[in-house]
$ cat input16.cif   # mmCIF, C-alpha atoms
data_upload
loop_
_atom_site.group_PDB
_atom_site.id
_atom_site.type_symbol
_atom_site.label_atom_id
_atom_site.label_comp_id
_atom_site.auth_asym_id
_atom_site.auth_seq_id
_atom_site.Cartn_x
_atom_site.Cartn_y
_atom_site.Cartn_z
ATOM 1 C CA MET V 1 17.508 97.151 -189.086
ATOM 2 C CA LYS V 2 14.819 96.636 -191.703
ATOM 3 C CA LYS V 3 11.302 97.155 -190.387
ATOM 4 C CA ILE V 4 9.049 94.115 -190.814
ATOM 5 C CA THR V 5 5.474 94.967 -191.805
ATOM 6 C CA VAL V 6 2.815 92.323 -191.172
ATOM 7 C CA HIS V 7 0.079 92.453 -193.794
ATOM 8 C CA THR V 8 -3.332 93.602 -192.564
ATOM 9 C CA SER V 9 -5.041 90.512 -194.018
ATOM 10 C CA LEU V 10 -2.858 88.203 -191.939
ATOM 11 C CA MET V 11 -3.431 90.272 -188.800
ATOM 12 C CA ILE V 12 -7.197 90.150 -189.323
ATOM 13 C CA LEU V 13 -7.146 86.365 -189.790
ATOM 14 C CA ILE V 14 -4.974 85.873 -186.694
ATOM 15 C CA THR V 15 -7.285 88.127 -184.675
ATOM 16 C CA TYR V 16 -10.328 86.174 -185.844
ATOM 17 C CA LEU V 17 -8.795 82.805 -184.945
ATOM 18 C CA ALA V 18 -7.713 84.138 -181.549
ATOM 19 C CA ALA V 19 -11.238 85.398 -180.822
ATOM 20 C CA GLN V 20 -12.606 81.943 -181.631
ATOM 21 C CA PHE V 21 -10.095 79.776 -179.753
ATOM 22 C CA VAL V 22 -8.841 81.811 -176.789
ATOM 23 C CA PRO V 23 -12.217 81.456 -174.957
ATOM 24 C CA ILE V 24 -11.845 77.669 -175.220
ATOM 25 C CA PHE V 25 -8.497 77.777 -173.411
ATOM 26 C CA ILE V 26 -9.911 80.213 -170.863
ATOM 27 C CA ALA V 27 -12.747 77.779 -170.131
ATOM 28 C CA LEU V 28 -10.363 74.821 -169.835
ATOM 29 C CA MET V 29 -8.307 76.667 -167.219
ATOM 30 C CA ALA V 30 -11.384 77.622 -165.176
ATOM 31 C CA PRO V 31 -12.847 75.560 -162.324
ATOM 32 C CA LYS V 32 -15.235 72.909 -163.668
ATOM 33 C CA ASN V 33 -18.289 74.509 -162.079
ATOM 34 C CA LEU V 34 -17.504 77.862 -163.743
ATOM 35 C CA ARG V 35 -16.399 76.724 -167.208
ATOM 36 C CA ALA V 36 -19.649 77.734 -168.901
ATOM 37 C CA GLU V 37 -19.465 81.271 -167.493
ATOM 38 C CA PHE V 38 -15.767 81.618 -168.359
ATOM 39 C CA SER V 39 -16.467 80.396 -171.904
ATOM 40 C CA ILE V 40 -19.402 82.758 -172.486
ATOM 41 C CA TYR V 41 -17.894 85.878 -170.988
ATOM 42 C CA GLY V 42 -14.512 84.984 -172.434
ATOM 43 C CA SER V 43 -16.127 84.870 -175.882
ATOM 44 C CA LEU V 44 -17.869 88.174 -175.278
ATOM 45 C CA ILE V 45 -14.615 89.886 -174.300
ATOM 46 C CA CYS V 46 -12.594 88.267 -177.095
ATOM 47 C CA PHE V 47 -15.226 89.127 -179.709
ATOM 48 C CA ALA V 48 -15.292 92.728 -178.510
ATOM 49 C CA LEU V 49 -11.506 92.999 -178.587
ATOM 50 C CA GLY V 50 -11.395 91.236 -181.960
ATOM 51 C CA ALA V 51 -13.882 93.656 -183.515
ATOM 52 C CA ILE V 52 -12.059 96.686 -182.089
ATOM 53 C CA ILE V 53 -8.658 95.433 -183.266
ATOM 54 C CA MET V 54 -9.983 94.811 -186.781
ATOM 55 C CA LEU V 55 -11.546 98.271 -186.921
ATOM 56 C CA LEU V 56 -8.202 99.793 -185.916
ATOM 57 C CA LEU V 57 -6.310 97.644 -188.424
ATOM 58 C CA ASN V 58 -8.707 98.747 -191.141
ATOM 59 C CA ARG V 59 -7.801 102.403 -190.545
ATOM 60 C CA LYS V 60 -4.230 101.768 -191.722
ATOM 61 C CA SER V 61 -4.939 98.830 -193.981
ATOM 62 C CA THR V 62 -2.288 97.443 -196.314
ATOM 63 C CA ILE V 63 -4.913 95.494 -198.276
ATOM 64 C CA ARG V 64 -4.696 96.489 -201.937
ATOM 65 C CA ASN V 65 -7.049 95.134 -204.606
ATOM 66 C CA SER V 66 -9.570 96.408 -207.148
ATOM 67 C CA LEU V 67 -12.132 96.990 -204.391
ATOM 68 C CA THR V 68 -9.986 98.806 -201.827
ATOM 69 C CA LEU V 69 -8.387 100.999 -204.491
ATOM 70 C CA GLN V 70 -11.763 102.367 -205.591
ATOM 71 C CA GLU V 71 -13.462 105.245 -203.803
ATOM 72 C CA SER V 72 -16.355 104.398 -201.509
ATOM 73 C CA ILE V 73 -19.797 105.862 -202.046
ATOM 74 C CA PRO V 74 -20.862 108.596 -199.549
ATOM 75 C CA VAL V 75 -21.639 107.583 -195.967
ATOM 76 C CA SER V 76 -25.340 108.417 -196.327
ATOM 77 C CA LYS V 77 -25.623 105.989 -199.246
ATOM 78 C CA VAL V 78 -23.638 103.358 -197.357
ATOM 79 C CA ILE V 79 -26.284 103.459 -194.621
ATOM 80 C CA ILE V 80 -29.126 103.295 -197.151
ATOM 81 C CA TRP V 81 -27.529 100.359 -198.973
ATOM 82 C CA GLY V 82 -26.842 98.656 -195.653
ATOM 83 C CA ILE V 83 -30.516 98.829 -194.686
ATOM 84 C CA ALA V 84 -31.634 97.791 -198.170
ATOM 85 C CA GLY V 85 -29.117 94.945 -198.023
ATOM 86 C CA PHE V 86 -30.721 93.719 -194.816
ATOM 87 C CA PHE V 87 -34.029 93.202 -196.628
ATOM 88 C CA LEU V 88 -32.239 91.672 -199.618
ATOM 89 C CA ALA V 89 -30.462 89.232 -197.284
ATOM 90 C CA ILE V 90 -33.784 88.242 -195.698
ATOM 91 C CA PHE V 91 -35.241 87.591 -199.153
ATOM 92 C CA ALA V 92 -32.196 85.528 -200.191
ATOM 93 C CA GLN V 93 -32.393 83.589 -196.935
ATOM 94 C CA GLN V 94 -36.070 82.751 -197.438
ATOM 95 C CA VAL V 95 -35.528 81.618 -201.035
ATOM 96 C CA ALA V 96 -32.583 79.445 -199.965
ATOM 97 C CA MET V 97 -34.627 77.986 -197.115
ATOM 98 C CA MET V 98 -37.475 77.077 -199.489
ATOM 99 C CA ILE V 99 -35.028 75.280 -201.779
ATOM 100 C CA GLU V 100 -33.410 73.420 -198.887
ATOM 101 C CA VAL V 101 -36.765 72.332 -197.458
ATOM 102 C CA ASN V 102 -38.550 71.428 -200.685
ATOM 103 C CA LEU V 103 -35.709 69.919 -202.685
ATOM 104 C CA PHE V 104 -33.404 68.510 -200.025
ATOM 105 C CA ASN V 105 -35.855 67.909 -197.140
ATOM 106 C CA PHE V 106 -33.839 70.027 -194.744
ATOM 107 C CA SER V 107 -35.312 71.112 -191.429
ATOM 108 C CA THR V 108 -36.133 74.790 -191.072
ATOM 109 C CA ASN V 109 -34.348 74.755 -187.715
ATOM 110 C CA SER V 110 -30.765 75.928 -187.504
ATOM 111 C CA GLN V 111 -28.690 74.217 -184.825
ATOM 112 C CA ASN V 112 -26.351 77.195 -184.856
ATOM 113 C CA THR V 113 -29.213 79.592 -184.104
ATOM 114 C CA ILE V 114 -30.764 77.265 -181.522
ATOM 115 C CA GLY V 115 -27.450 77.024 -179.697
ATOM 116 C CA ILE V 116 -26.999 80.789 -179.703
ATOM 117 C CA LEU V 117 -30.547 81.377 -178.424
ATOM 118 C CA THR V 118 -30.022 78.879 -175.606
ATOM 119 C CA ILE V 119 -26.941 80.792 -174.475
ATOM 120 C CA ILE V 120 -28.581 84.230 -174.796
ATOM 121 C CA ARG V 121 -31.580 83.192 -172.707
ATOM 122 C CA LYS V 122 -29.216 82.380 -169.859
ATOM 123 C CA TYR V 123 -26.582 85.055 -170.573
ATOM 124 C CA PRO V 124 -28.346 88.039 -172.259
ATOM 125 C CA LEU V 125 -25.099 89.984 -172.761
ATOM 126 C CA TYR V 126 -24.016 87.331 -175.264
ATOM 127 C CA LEU V 127 -26.494 88.949 -177.665
ATOM 128 C CA VAL V 128 -23.960 91.739 -178.218
ATOM 129 C CA ALA V 129 -21.289 89.233 -179.231
ATOM 130 C CA THR V 130 -23.451 87.458 -181.815
ATOM 131 C CA SER V 131 -25.347 90.470 -183.160
ATOM 132 C CA ILE V 132 -22.638 93.138 -183.309
ATOM 133 C CA PHE V 133 -19.083 91.972 -182.669
ATOM 134 C CA GLY V 134 -19.471 88.697 -184.587
ATOM 135 C CA PRO V 135 -20.798 90.293 -187.794
ATOM 136 C CA ILE V 136 -18.078 92.967 -187.720
ATOM 137 C CA MET V 137 -15.345 90.336 -187.545
ATOM 138 C CA GLU V 138 -16.984 88.075 -190.135
ATOM 139 C CA GLU V 139 -17.310 90.889 -192.652
ATOM 140 C CA PHE V 140 -13.652 91.800 -192.290
ATOM 141 C CA VAL V 141 -12.593 88.154 -192.677
ATOM 142 C CA PHE V 142 -14.969 86.813 -195.333
ATOM 143 C CA ARG V 143 -15.608 89.945 -197.391
ATOM 144 C CA LYS V 144 -12.667 92.328 -196.883
ATOM 145 C CA VAL V 145 -9.930 89.684 -196.748
ATOM 146 C CA ILE V 146 -11.112 86.500 -198.493
ATOM 147 C CA PHE V 147 -13.526 87.950 -201.066
ATOM 148 C CA GLY V 148 -11.149 90.851 -201.705
ATOM 149 C CA PHE V 149 -8.175 88.509 -202.166
ATOM 150 C CA PHE V 150 -9.901 86.315 -204.753
ATOM 151 C CA TYR V 151 -11.693 89.218 -206.464
ATOM 152 C CA ASP V 152 -8.785 89.966 -208.810
ATOM 153 C CA LEU V 153 -7.847 86.286 -209.213
ATOM 154 C CA THR V 154 -11.193 84.714 -210.080
ATOM 155 C CA GLY V 155 -13.538 87.652 -210.691
ATOM 156 C CA ALA V 156 -16.475 88.721 -208.533
ATOM 157 C CA ILE V 157 -18.538 85.527 -208.989
ATOM 158 C CA GLY V 158 -15.697 83.146 -208.235
ATOM 159 C CA ALA V 159 -14.624 85.197 -205.224
ATOM 160 C CA ALA V 160 -18.212 85.314 -203.951
ATOM 161 C CA VAL V 161 -18.552 81.528 -204.280
ATOM 162 C CA ILE V 162 -15.337 80.862 -202.362
ATOM 163 C CA SER V 163 -15.922 83.371 -199.575
ATOM 164 C CA SER V 164 -19.619 82.506 -199.217
ATOM 165 C CA LEU V 165 -18.965 78.762 -198.994
ATOM 166 C CA LEU V 166 -16.311 79.342 -196.333
ATOM 167 C CA PHE V 167 -18.747 81.635 -194.535
ATOM 168 C CA ALA V 168 -21.357 78.861 -194.647
ATOM 169 C CA PHE V 169 -18.998 76.099 -193.495
ATOM 170 C CA ILE V 170 -17.811 78.114 -190.502
ATOM 171 C CA HIS V 171 -21.364 78.070 -189.100
ATOM 172 C CA MET V 172 -21.284 74.249 -189.077
ATOM 173 C CA ASP V 173 -25.002 73.426 -189.051
ATOM 174 C CA GLY V 174 -25.565 72.007 -192.542
ATOM 175 C CA HIS V 175 -27.457 74.958 -194.055
ATOM 176 C CA ILE V 176 -24.800 75.578 -196.692
ATOM 177 C CA LEU V 177 -27.153 77.094 -199.284
ATOM 178 C CA LEU V 178 -28.825 79.385 -196.756
ATOM 179 C CA TYR V 179 -25.604 80.881 -195.402
ATOM 180 C CA SER V 180 -24.050 81.003 -198.879
ATOM 181 C CA ALA V 181 -27.028 82.998 -200.155
ATOM 182 C CA MET V 182 -26.531 85.511 -197.358
ATOM 183 C CA GLY V 183 -22.814 85.598 -198.132
ATOM 184 C CA PHE V 184 -23.543 86.396 -201.787
ATOM 185 C CA VAL V 185 -25.706 89.335 -200.741
ATOM 186 C CA PHE V 186 -22.980 90.684 -198.464
ATOM 187 C CA CYS V 187 -20.411 90.305 -201.273
ATOM 188 C CA TYR V 188 -22.725 92.208 -203.613
ATOM 189 C CA LEU V 189 -23.119 95.032 -201.090
ATOM 190 C CA TYR V 190 -19.369 95.324 -200.673
ATOM 191 C CA THR V 191 -18.810 95.318 -204.440
ATOM 192 C CA LYS V 192 -21.601 97.830 -205.035
ATOM 193 C CA THR V 193 -20.496 100.378 -202.446
ATOM 194 C CA LYS V 194 -16.750 99.691 -202.103
ATOM 195 C CA ASN V 195 -17.207 100.059 -198.354
ATOM 196 C CA ILE V 196 -17.016 97.147 -195.893
ATOM 197 C CA ALA V 197 -19.358 99.035 -193.549
ATOM 198 C CA THR V 198 -22.268 98.334 -195.916
ATOM 199 C CA PRO V 199 -22.401 94.532 -195.488
ATOM 200 C CA MET V 200 -21.597 95.049 -191.800
ATOM 201 C CA ILE V 201 -24.769 97.102 -191.348
ATOM 202 C CA ALA V 202 -26.857 94.516 -193.205
ATOM 203 C CA HIS V 203 -25.243 91.638 -191.277
ATOM 204 C CA ILE V 204 -25.732 93.291 -187.874
ATOM 205 C CA LEU V 205 -29.385 94.038 -188.667
ATOM 206 C CA MET V 206 -29.849 90.486 -189.943
ATOM 207 C CA ASN V 207 -28.419 88.810 -186.846
ATOM 208 C CA SER V 208 -30.115 91.178 -184.410
ATOM 209 C CA THR V 209 -33.531 90.762 -186.020
ATOM 210 C CA ALA V 210 -33.257 86.973 -186.245
ATOM 211 C CA VAL V 211 -32.240 86.589 -182.602
ATOM 212 C CA LEU V 212 -34.700 89.106 -181.160
ATOM 213 C CA ALA V 213 -37.596 87.719 -183.218
ATOM 214 C CA SER V 214 -36.802 84.189 -182.037
ATOM 215 C CA LEU V 215 -36.530 85.314 -178.413
ATOM 216 C CA PHE V 216 -39.821 87.206 -178.364
ATOM 217 C CA PHE V 217 -41.990 85.079 -180.653
ATOM 218 C CA ASN V 218 -40.865 81.524 -179.874
#

$ encode --input "input16.cif" --output "structure tokens"
Amino acid sequence: MKKITVHTSLMILITYLAAQFVPIFIALMAPKNLRAEFSIYGSLICFALGAIIMLLLNRKSTIRNSLTLQESIPVSKVIIWGIAGFFLAIFAQQVAMMIEVNLFNFSTNSQNTIGILTIIRKYPLYLVATSIFGPIMEEFVFRKVIFGFFYDLTGAIGAAVISSLLFAFIHMDGHILLYSAMGFVFCYLYTKTKNIATPMIAHILMNSTAVLASLFFN
């Protein structure tokens, strides 16, 4: 019997969708007075499992494109670029925010961030899901899979536009330019270092700093 091999990209996308939607079904099956808790802790567990599964899939990845076929820079430089990318992402975010506010009269508030902070204040463990597990999964999906897929079809710029817009839309709070700017930075980091860990580091630092700063200073 011929062995059927499921492509890593498809497995990563399925894992991501499962991590997003399984908690909803878990909450619906829970008693009404416990649905919030089932949803939150269900998300935490699913995000953790999703991140672990993607990390394992990445070890034996079948993804082949111009980025994955090139050798990564050394680990020490990956860490340095990841930290530098964090500051670059903050800069890109601030520039995008200024444009949104001054040209399009957008509010500086992010409904996505406000919603996350509301949950974390009541369920502190959820911080791990949004600051670590979430960024790991998003980098695999939007940079490794989507950006990598379009990289050879449209070039780096076209691939960055597509993956960054999808990354922005998935956050569903209207700040398309802001999230797209961050997505462009993460695409650049991946292209520069040929290692998906680089934008992961920057993304984790970005989310962690944003949430912790909002919790302690607001």

$ resolve_selection --input "input16.cif" --expression "the PyMOL selection byres ((chain V and resi 51) around 12)" --output "number ranges by chain"
V: 12-13, 15-16, 18-20, 43-50, 52-58, 128-141, 200

$ closest_residue --input "input16.cif" --among "V:Lys32, V:Lys77, V:Arg59, V:Lys144" --to "Ile196 (chain V)" --atoms "all atoms listed in the file"
V:Lys144

$ resolve_selection --input "input16.cif" --expression "the PyMOL selection byres ((chain V and resi 162) around 12)" --output "CSV table (one decimal) with C-alpha atoms, in the coordinates of the input"
chain,number,residue,atom,x,y,z
V,142,PHE,CA,-15.0,86.8,-195.3
V,143,ARG,CA,-15.6,89.9,-197.4
V,145,VAL,CA,-9.9,89.7,-196.7
V,146,ILE,CA,-11.1,86.5,-198.5
V,147,PHE,CA,-13.5,88.0,-201.1
V,148,GLY,CA,-11.1,90.9,-201.7
V,149,PHE,CA,-8.2,88.5,-202.2
V,150,PHE,CA,-9.9,86.3,-204.8
V,151,TYR,CA,-11.7,89.2,-206.5
V,153,LEU,CA,-7.8,86.3,-209.2
V,154,THR,CA,-11.2,84.7,-210.1
V,155,GLY,CA,-13.5,87.7,-210.7
V,156,ALA,CA,-16.5,88.7,-208.5
V,157,ILE,CA,-18.5,85.5,-209.0
V,158,GLY,CA,-15.7,83.1,-208.2
V,159,ALA,CA,-14.6,85.2,-205.2
V,160,ALA,CA,-18.2,85.3,-204.0
V,161,VAL,CA,-18.6,81.5,-204.3
V,163,SER,CA,-15.9,83.4,-199.6
V,164,SER,CA,-19.6,82.5,-199.2
V,165,LEU,CA,-19.0,78.8,-199.0
V,166,LEU,CA,-16.3,79.3,-196.3
V,167,PHE,CA,-18.7,81.6,-194.5
V,168,ALA,CA,-21.4,78.9,-194.6
V,169,PHE,CA,-19.0,76.1,-193.5
V,180,SER,CA,-24.0,81.0,-198.9
V,183,GLY,CA,-22.8,85.6,-198.1
V,184,PHE,CA,-23.5,86.4,-201.8
V,187,CYS,CA,-20.4,90.3,-201.3

$ resolve_selection --input "input16.cif" --expression "the PyMOL selection byres ((chain V and resi 178) around 12)" --output "VMD selection string"
chain V and resid 89 to 101 106 to 110 164 to 165 167 to 169 171 to 177 179 to 185

$ residues_around --input "input16.cif" --residues "Ile26 (chain V)" --least-positions-apart "4" --cutoff "9 Å" --atoms "only C-alpha atoms" --output "number ranges by chain"
V: 21-22, 30, 35, 38-39, 42

$ write_last_selection --input "input16.cif" --atoms "C-alpha atoms" --output "PDB file, in the coordinates of the input"
ATOM      1  CA  PHE V  21     -10.095  79.776-179.753  1.00  0.00           C
ATOM      2  CA  VAL V  22      -8.841  81.811-176.789  1.00  0.00           C
ATOM      3  CA  ALA V  30     -11.384  77.622-165.176  1.00  0.00           C
ATOM      4  CA  ARG V  35     -16.399  76.724-167.208  1.00  0.00           C
ATOM      5  CA  PHE V  38     -15.767  81.618-168.359  1.00  0.00           C
ATOM      6  CA  SER V  39     -16.467  80.396-171.904  1.00  0.00           C
ATOM      7  CA  GLY V  42     -14.512  84.984-172.434  1.00  0.00           C
TER       8      GLY V  42
END

$ closest_residue --input "input16.cif" --among "V:Ala84, V:Leu17, V:Ala202, V:Leu117" --to "Ile170 (chain V)" --atoms "all atoms listed in the file"
V:Leu17

$ atom_distance --input "input16.cif" --atom1 "CA of Glu71 (chain V)" --atom2 "CA of Leu205 (chain V)"
24.7 Å

$ closest_residue --input "input16.cif" --among "V:Ser61, V:Pro199, V:Ile204, V:Phe86" --to "Leu10 (chain V)" --atoms "all atoms listed in the file"
V:Ser61
